[in-house]
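**Q** Got coords.pdb for you, PDB, C-alpha atoms:
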ATOM      1  CA  MET Y1167       1.755  28.809 -70.605
ATOM      2  CA  THR Y1168      -0.783  30.810 -72.496
ATOM      3  CA  ALA Y1169      -1.099  30.489 -76.273
ATOM      4  CA  THR Y1170       0.135  34.066 -76.551
ATOM      5  CA  ASN Y1171       3.395  33.274 -74.771
ATOM      6  CA  HIS Y1172       3.945  30.093 -76.771
ATOM      7  CA  MET Y1173       3.385  32.003 -80.012
ATOM      8  CA  LEU Y1174       5.608  34.925 -79.055
ATOM      9  CA  THR Y1175       8.364  32.457 -78.175
ATOM     10  CA  GLY Y1176       7.892  30.807 -81.573
ATOM     11  CA  ALA Y1177       8.215  34.212 -83.241
ATOM     12  CA  VAL Y1178      11.432  34.986 -81.339
ATOM     13  CA  ILE Y1179      12.848  31.607 -82.376
ATOM     14  CA  ALA Y1180      11.847  32.190 -86.014
ATOM     15  CA  VAL Y1181      13.410  35.656 -86.173
ATOM     16  CA  GLY Y1182      16.510  34.539 -84.288
ATOM     17  CA  VAL Y1183      17.128  31.254 -86.119
ATOM     18  CA  GLN Y1184      15.552  32.084 -89.527
ATOM     19  CA  HIS Y1185      16.130  28.654 -91.099
ATOM     20  CA  PRO Y1186      12.776  26.806 -91.441
ATOM     21  CA  LEU Y1187      14.264  23.353 -90.910
ATOM     22  CA  LEU Y1188      15.580  24.513 -87.531
ATOM     23  CA  VAL Y1189      12.774  26.888 -86.562
ATOM     24  CA  LEU Y1190      10.039  24.263 -86.619
ATOM     25  CA  PRO Y1191      11.628  21.676 -84.283
ATOM     26  CA  PHE Y1192      12.976  24.383 -81.954
ATOM     27  CA  ALA Y1193       9.542  26.021 -81.799
ATOM     28  CA  PHE Y1194       7.883  22.666 -81.081
ATOM     29  CA  LEU Y1195      10.366  21.825 -78.315
ATOM     30  CA  SER Y1196      10.021  25.318 -76.838
ATOM     31  CA  HIS Y1197       6.420  24.487 -76.015
ATOM     32  CA  PHE Y1198       7.401  21.772 -73.547
ATOM     33  CA  PHE Y1199      10.266  23.845 -72.170
ATOM     34  CA  LEU Y1200       7.825  26.649 -71.311
ATOM     35  CA  ASP Y1201       5.288  24.285 -69.789
ATOM     36  CA  ILE Y1202       7.866  23.169 -67.225
ATOM     37  CA  PHE Y1203       7.714  26.640 -65.639
ATOM     38  CA  PRO Y1204       4.932  27.715 -63.285
ATOM     39  CA  HIS Y1205       2.122  29.268 -65.275
ATOM     40  CA  PHE Y1206      -1.502  30.314 -65.082
ATOM     41  CA  GLY Y1207      -4.175  27.754 -64.479
ATOM     42  CA  VAL Y1208      -7.227  27.132 -62.349
ATOM     43  CA  MET Y1209      -7.002  23.871 -60.473
ATOM     44  CA  GLU Y1210     -10.366  22.293 -59.922
ATOM     45  CA  LYS Y1211     -11.231  18.717 -59.009
ATOM     46  CA  ASP Y1212     -12.298  17.984 -62.562
ATOM     47  CA  THR Y1213     -11.722  19.532 -65.947
ATOM     48  CA  PRO Y1214     -15.340  20.561 -66.623
ATOM     49  CA  ALA Y1215     -15.313  22.534 -63.356
ATOM     50  CA  ARG Y1216     -12.080  24.231 -64.411
ATOM     51  CA  ASN Y1217     -13.464  25.019 -67.860
ATOM     52  CA  SER Y1218     -16.503  26.740 -66.380
ATOM     53  CA  HIS Y1219     -14.544  28.721 -63.781
ATOM     54  CA  PRO Y1220     -15.020  32.492 -64.456
ATOM     55  CA  LEU Y1221     -11.318  33.332 -64.072
ATOM     56  CA  PHE Y1222     -10.294  30.531 -66.442
ATOM     57  CA  LYS Y1223     -12.872  31.635 -69.016
ATOM     58  CA  PHE Y1224     -11.757  35.275 -68.761
ATOM     59  CA  VAL Y1225      -8.050  34.521 -69.223
ATOM     60  CA  LEU Y1226      -8.832  32.038 -72.023
ATOM     61  CA  PHE Y1227     -10.907  34.672 -73.845
ATOM     62  CA  ILE Y1228      -8.214  37.387 -73.576
ATOM     63  CA  ASP Y1229      -5.476  34.911 -74.517
ATOM     64  CA  THR Y1230      -7.378  33.651 -77.565
ATOM     65  CA  ILE Y1231      -8.027  37.163 -78.905
ATOM     66  CA  LEU Y1232      -4.429  38.258 -78.314
ATOM     67  CA  ALA Y1233      -2.885  35.067 -79.747
ATOM     68  CA  ILE Y1234      -4.970  35.228 -82.943
ATOM     69  CA  ALA Y1235      -4.187  38.930 -83.380
ATOM     70  CA  LEU Y1236      -0.454  38.342 -82.897
ATOM     71  CA  LEU Y1237      -0.495  35.362 -85.258
ATOM     72  CA  PHE Y1238      -1.718  37.615 -88.053
ATOM     73  CA  ILE Y1239       0.233  40.774 -87.133
ATOM     74  CA  VAL Y1240       3.718  39.652 -86.090
ATOM     75  CA  PRO Y1241       4.695  37.733 -89.260
ATOM     76  CA  PHE Y1242       3.937  40.787 -91.384
ATOM     77  CA  ALA Y1243       5.471  43.295 -88.969
ATOM     78  CA  VAL Y1244       8.911  41.736 -89.308
ATOM     79  CA  VAL Y1245      10.591  43.293 -92.314
ATOM     80  CA  GLN Y1246      14.029  41.781 -91.905
ATOM     81  CA  GLY Y1247      15.348  38.790 -93.841
ATOM     82  CA  VAL Y1248      12.785  36.334 -92.437
ATOM     83  CA  ASN Y1249       9.917  35.147 -94.609
ATOM     84  CA  TRP Y1250       6.522  35.825 -93.074
ATOM     85  CA  TRP Y1251       5.549  32.165 -93.354
ATOM     86  CA  VAL Y1252       8.557  31.032 -91.286
ATOM     87  CA  ILE Y1253       7.410  33.293 -88.452
ATOM     88  CA  PHE Y1254       3.754  32.300 -88.901
ATOM     89  CA  PHE Y1255       4.497  28.572 -88.765
ATOM     90  CA  GLY Y1256       7.074  29.037 -85.993
ATOM     91  CA  MET Y1257       4.358  30.686 -83.914
ATOM     92  CA  LEU Y1258       1.791  28.038 -84.789
ATOM     93  CA  ILE Y1259       4.128  25.094 -84.145
ATOM     94  CA  ALA Y1260       5.148  26.556 -80.766
ATOM     95  CA  TRP Y1261       1.464  26.460 -79.751
ATOM     96  CA  ILE Y1262       0.331  23.265 -81.540
ATOM     97  CA  PRO Y1263       0.846  20.784 -78.652
ATOM     98  CA  ASP Y1264      -1.916  22.648 -76.804
ATOM     99  CA  SER Y1265      -4.364  21.991 -79.645
ATOM    100  CA  VAL Y1266      -5.188  18.681 -77.957
ATOM    101  CA  TRP Y1267      -6.817  20.681 -75.158
ATOM    102  CA  LEU Y1268      -9.280  22.153 -77.681
ATOM    103  CA  ALA Y1269     -10.699  18.678 -78.278
ATOM    104  CA  HIS Y1270     -10.857  18.009 -74.540
ATOM    105  CA  TYR Y1271     -12.522  21.382 -73.933
ATOM    106  CA  TRP Y1272     -15.082  20.644 -76.673
ATOM    107  CA  HIS Y1273     -15.844  17.162 -75.326
ATOM    108  CA  ASP Y1274     -16.233  18.497 -71.781
ATOM    109  CA  HIS Y1275     -18.466  21.317 -72.994
ATOM    110  CA  LYS Y1276     -20.698  18.892 -74.880
ATOM    111  CA  GLY Y1277     -20.707  16.343 -72.036
ATOM    112  CA  ARG Y1278     -19.093  13.700 -74.233
ATOM    113  CA  MET Y1279     -16.730  10.985 -73.122
ATOM    114  CA  ARG Y1280     -13.045  11.667 -73.755
ATOM    115  CA  THR Y1281     -10.677   9.241 -75.363
ATOM    116  CA  GLU Y1282      -7.700   7.943 -73.392
ATOM    117  CA  PRO Y1283      -4.765  10.408 -73.636
ATOM    118  CA  VAL Y1284      -1.939   9.473 -75.989
ATOM    119  CA  TRP Y1285       1.679   9.363 -74.734
ATOM    120  CA  LEU Y1286       2.378  12.954 -75.772
ATOM    121  CA  THR Y1287      -0.625  14.232 -73.827
ATOM    122  CA  ARG Y1288       0.383  12.202 -70.759
ATOM    123  CA  PHE Y1289       3.920  13.656 -70.983
ATOM    124  CA  HIS Y1290       2.428  17.122 -71.376
ATOM    125  CA  LEU Y1291       0.364  16.664 -68.220
ATOM    126  CA  LYS Y1292       3.329  15.422 -66.194
ATOM    127  CA  ILE Y1293       5.565  18.409 -66.910
ATOM    128  CA  GLN Y1294       2.888  20.970 -66.052
ATOM    129  CA  TRP Y1295       3.428  20.725 -62.322
ATOM    130  CA  PHE Y1296       2.239  24.234 -61.405
ATOM    131  CA  GLU Y1297      -0.891  25.659 -63.011
ATOM    132  CA  LYS Y1298      -2.437  28.072 -60.556
ATOM    133  CA  PRO Y1299      -3.728  31.668 -60.654
ATOM    134  CA  PRO Y1300      -0.463  33.150 -59.256
ATOM    135  CA  GLY Y1301       1.288  31.697 -62.325
ATOM    136  CA  ILE Y1302      -0.075  34.679 -64.253
ATOM    137  CA  VAL Y1303       2.802  36.723 -62.793
ATOM    138  CA  LEU Y1304       5.405  34.612 -64.596
ATOM    139  CA  GLU Y1305       3.201  34.660 -67.702
ATOM    140  CA  LEU Y1306       3.236  38.475 -67.701
ATOM    141  CA  ILE Y1307       6.993  38.597 -67.122
ATOM    142  CA  TRP Y1308       7.548  36.140 -69.995
ATOM    143  CA  PHE Y1309       5.219  38.185 -72.236
ATOM    144  CA  GLY Y1310       7.231  41.331 -71.471
ATOM    145  CA  CYS Y1311      10.542  39.584 -72.127
ATOM    146  CA  MET Y1312       9.419  38.040 -75.422
ATOM    147  CA  THR Y1313       7.946  41.286 -76.745
ATOM    148  CA  THR Y1314      11.127  43.138 -75.745
ATOM    149  CA  ILE Y1315      13.384  40.563 -77.402
ATOM    150  CA  LEU Y1316      11.203  40.422 -80.509
ATOM    151  CA  GLY Y1317      11.220  44.219 -80.699
ATOM    152  CA  ALA Y1318      15.017  44.264 -80.411
ATOM    153  CA  LEU Y1319      15.398  41.579 -83.095
ATOM    154  CA  ILE Y1320      13.206  43.366 -85.614
ATOM    155  CA  ALA Y1321      14.449  46.914 -84.889
TER
END
Mind turning the file's structure into structure tokens?
**A**
Amino acid sequence: MTATNHMLTGAVIAVGVQHPLLVLPFAFLSHFFLDIFPHFGVMEKDTPARNSHPLFKFVLFIDTILAIALLFIVPFAVVQGVNWWVIFFGMLIAWIPDSVWLAHYWHDHKGRMRTEPVWLTRFHLKIQWFEKPPGIVLELIWFGCMTTILGALIA
């Protein structure tokens, strides 16, 4: 899933659950739950080819801008009984397993050798069975659902 969808899901969990000791593990686990579903990706023979693919770069750019904007808007837009930091960290924790891909992206971009993936990264790769351009449809549906639910929770 895109960072935006992971973060919106983290926000919904934070507003719905509200207790930090529950929000953080639920948000973290939600990441892997979402990655089981078909989602956007560009399958190339190797990762550097995928990273340089124009469609991948376009979606990554839009997703990054939107995710950062939401990370700094949503926690302060919620005025109910949830502390802004619970929402902020819920959003961040829901995305954090994907932070490993930043290092891989950087190494690929610089032409450096990668380290061997740790067990969590290997698990992450195994559950992402469908990452193809048509997955953007489910991404958009999930985005609509999460924004609708979040809007209903904070209204």
**Q** To one decimal place, how far is CA of Met1209 in chain Y from CA of Leu1232 in chain Y in Å?
**A**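 Separation between CA of Met1209 in chain Y and CA of Leu1232 in chain Y: 23.1 Å.
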**Q** Evaluate the PyMOL selection byres ((chain Y and resi 1244) around 12) on the structure here and hand back the selected residues as a list in words.
**A** Ala1177, Val1178, Ala1180, Val1181, Gly1182, Gln1184, Leu1236, Phe1238, Ile1239, Val1240, Pro1241, Phe1242, Ala1243, Val1245, Gln1246, Gly1247, Val1248, Asn1249, Trp1250, Trp1251, Val1252, Ile1253, Phe1254, Leu1316, Gly1317, Ala1318, Leu1319, Ile1320 and Ala1321 of chain Y
**Q** Within 12 Å of (14.6, 31.2, -80.8), in the coordinates the file gives, what residues turn up when you count all atoms listed in the file, written out as a ChimeraX atom specification?
**A** /Y:1172-1186,1188-1197,1253,1256-1257,1260,1312,1315-1316,1319
**Q** Counting only C-alpha atoms, note down every residue that has an atom within 10 Å of the point (-3.8, 21.8, -73.4) (file coordinates), as a short mmCIF file (atom, residue, chain, number, x, y, z; two decimals) with C-alpha atoms, in the coordinates of the input.
**A**
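Written output follows (out_2.cif):
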data_model
loop_
_atom_site.label_atom_id
_atom_site.label_comp_id
_atom_site.auth_asym_id
_atom_site.auth_seq_id
_atom_site.Cartn_x
_atom_site.Cartn_y
_atom_site.Cartn_z
CA MET Y 1167 1.76 28.81 -70.60
CA THR Y 1168 -0.78 30.81 -72.50
CA ALA Y 1169 -1.10 30.49 -76.27
CA TRP Y 1261 1.46 26.46 -79.75
CA ILE Y 1262 0.33 23.26 -81.54
CA PRO Y 1263 0.85 20.78 -78.65
CA ASP Y 1264 -1.92 22.65 -76.80
CA SER Y 1265 -4.36 21.99 -79.64
CA VAL Y 1266 -5.19 18.68 -77.96
CA TRP Y 1267 -6.82 20.68 -75.16
CA LEU Y 1268 -9.28 22.15 -77.68
CA ALA Y 1269 -10.70 18.68 -78.28
CA HIS Y 1270 -10.86 18.01 -74.54
CA TYR Y 1271 -12.52 21.38 -73.93
CA THR Y 1287 -0.62 14.23 -73.83
CA HIS Y 1290 2.43 17.12 -71.38
CA LEU Y 1291 0.36 16.66 -68.22
CA GLN Y 1294 2.89 20.97 -66.05
#
**Q** Could you list, as a PDB file with C-alpha atoms, in the coordinates of the input, every residue matched by the PyMOL selection byres ((chain Y and resi 1199-1206) around 7) in this structure?
**A**
ATOM      1  CA  MET Y1167       1.755  28.809 -70.605  1.00  0.00           C
ATOM      2  CA  LEU Y1195      10.366  21.825 -78.315  1.00  0.00           C
ATOM      3  CA  SER Y1196      10.021  25.318 -76.838  1.00  0.00           C
ATOM      4  CA  HIS Y1197       6.420  24.487 -76.015  1.00  0.00           C
ATOM      5  CA  PHE Y1198       7.401  21.772 -73.547  1.00  0.00           C
ATOM      6  CA  GLY Y1207      -4.175  27.754 -64.479  1.00  0.00           C
ATOM      7  CA  ILE Y1293       5.565  18.409 -66.910  1.00  0.00           C
ATOM      8  CA  GLN Y1294       2.888  20.970 -66.052  1.00  0.00           C
ATOM      9  CA  PHE Y1296       2.239  24.234 -61.405  1.00  0.00           C
ATOM     10  CA  GLU Y1297      -0.891  25.659 -63.011  1.00  0.00           C
ATOM     11  CA  LYS Y1298      -2.437  28.072 -60.556  1.00  0.00           C
ATOM     12  CA  PRO Y1299      -3.728  31.668 -60.654  1.00  0.00           C
ATOM     13  CA  PRO Y1300      -0.463  33.150 -59.256  1.00  0.00           C
ATOM     14  CA  GLY Y1301       1.288  31.697 -62.325  1.00  0.00           C
ATOM     15  CA  ILE Y1302      -0.075  34.679 -64.253  1.00  0.00           C
ATOM     16  CA  LEU Y1304       5.405  34.612 -64.596  1.00  0.00           C
ATOM     17  CA  GLU Y1305       3.201  34.660 -67.702  1.00  0.00           C
TER      18      GLU Y1305
END
**Q** State, in Å with one decimal place, the distance from CA of Ala1233 in chain Y to CA of Leu1258 in chain Y.
**A**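 Those two atoms sit 9.8 Å apart.
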**Q** Using CA of Val1208 in chain Y and CA of Leu1226 in chain Y as the two end points, give the distance in Å to one decimal.
**A** 11.0 Å
**Q** I need the residue nearest Ile1307 in chain Y from this list: Y:Pro1283, Y:His1219, Y:Trp1295, Y:Asn1171. Use all atoms listed in the file for the distance.
**A**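 Residue with the minimum atom-to-atom distance to Ile1307 in chain Y: Y:Asn1171.
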**Q** Which of these residues is nearest to Ile1259 in chain Y, using only C-alpha atoms: Y:Cys1311, Y:Val1303, Y:Leu1237, Y:Leu1286?
**A** Y:Leu1237
**Q** I'd like the box whose edges run along x, y and z of the file and which contains every listed atom of range 1302-1310 of chain Y, padded by 8 Å per side; could you state its centre and edge lengths in Å, one decimal, as lines of an AutoDock Vina configuration file?
**A**
center_x = 3.7
center_y = 38.0
center_z = -67.5
size_x = 23.6
size_y = 22.7
size_z = 25.4
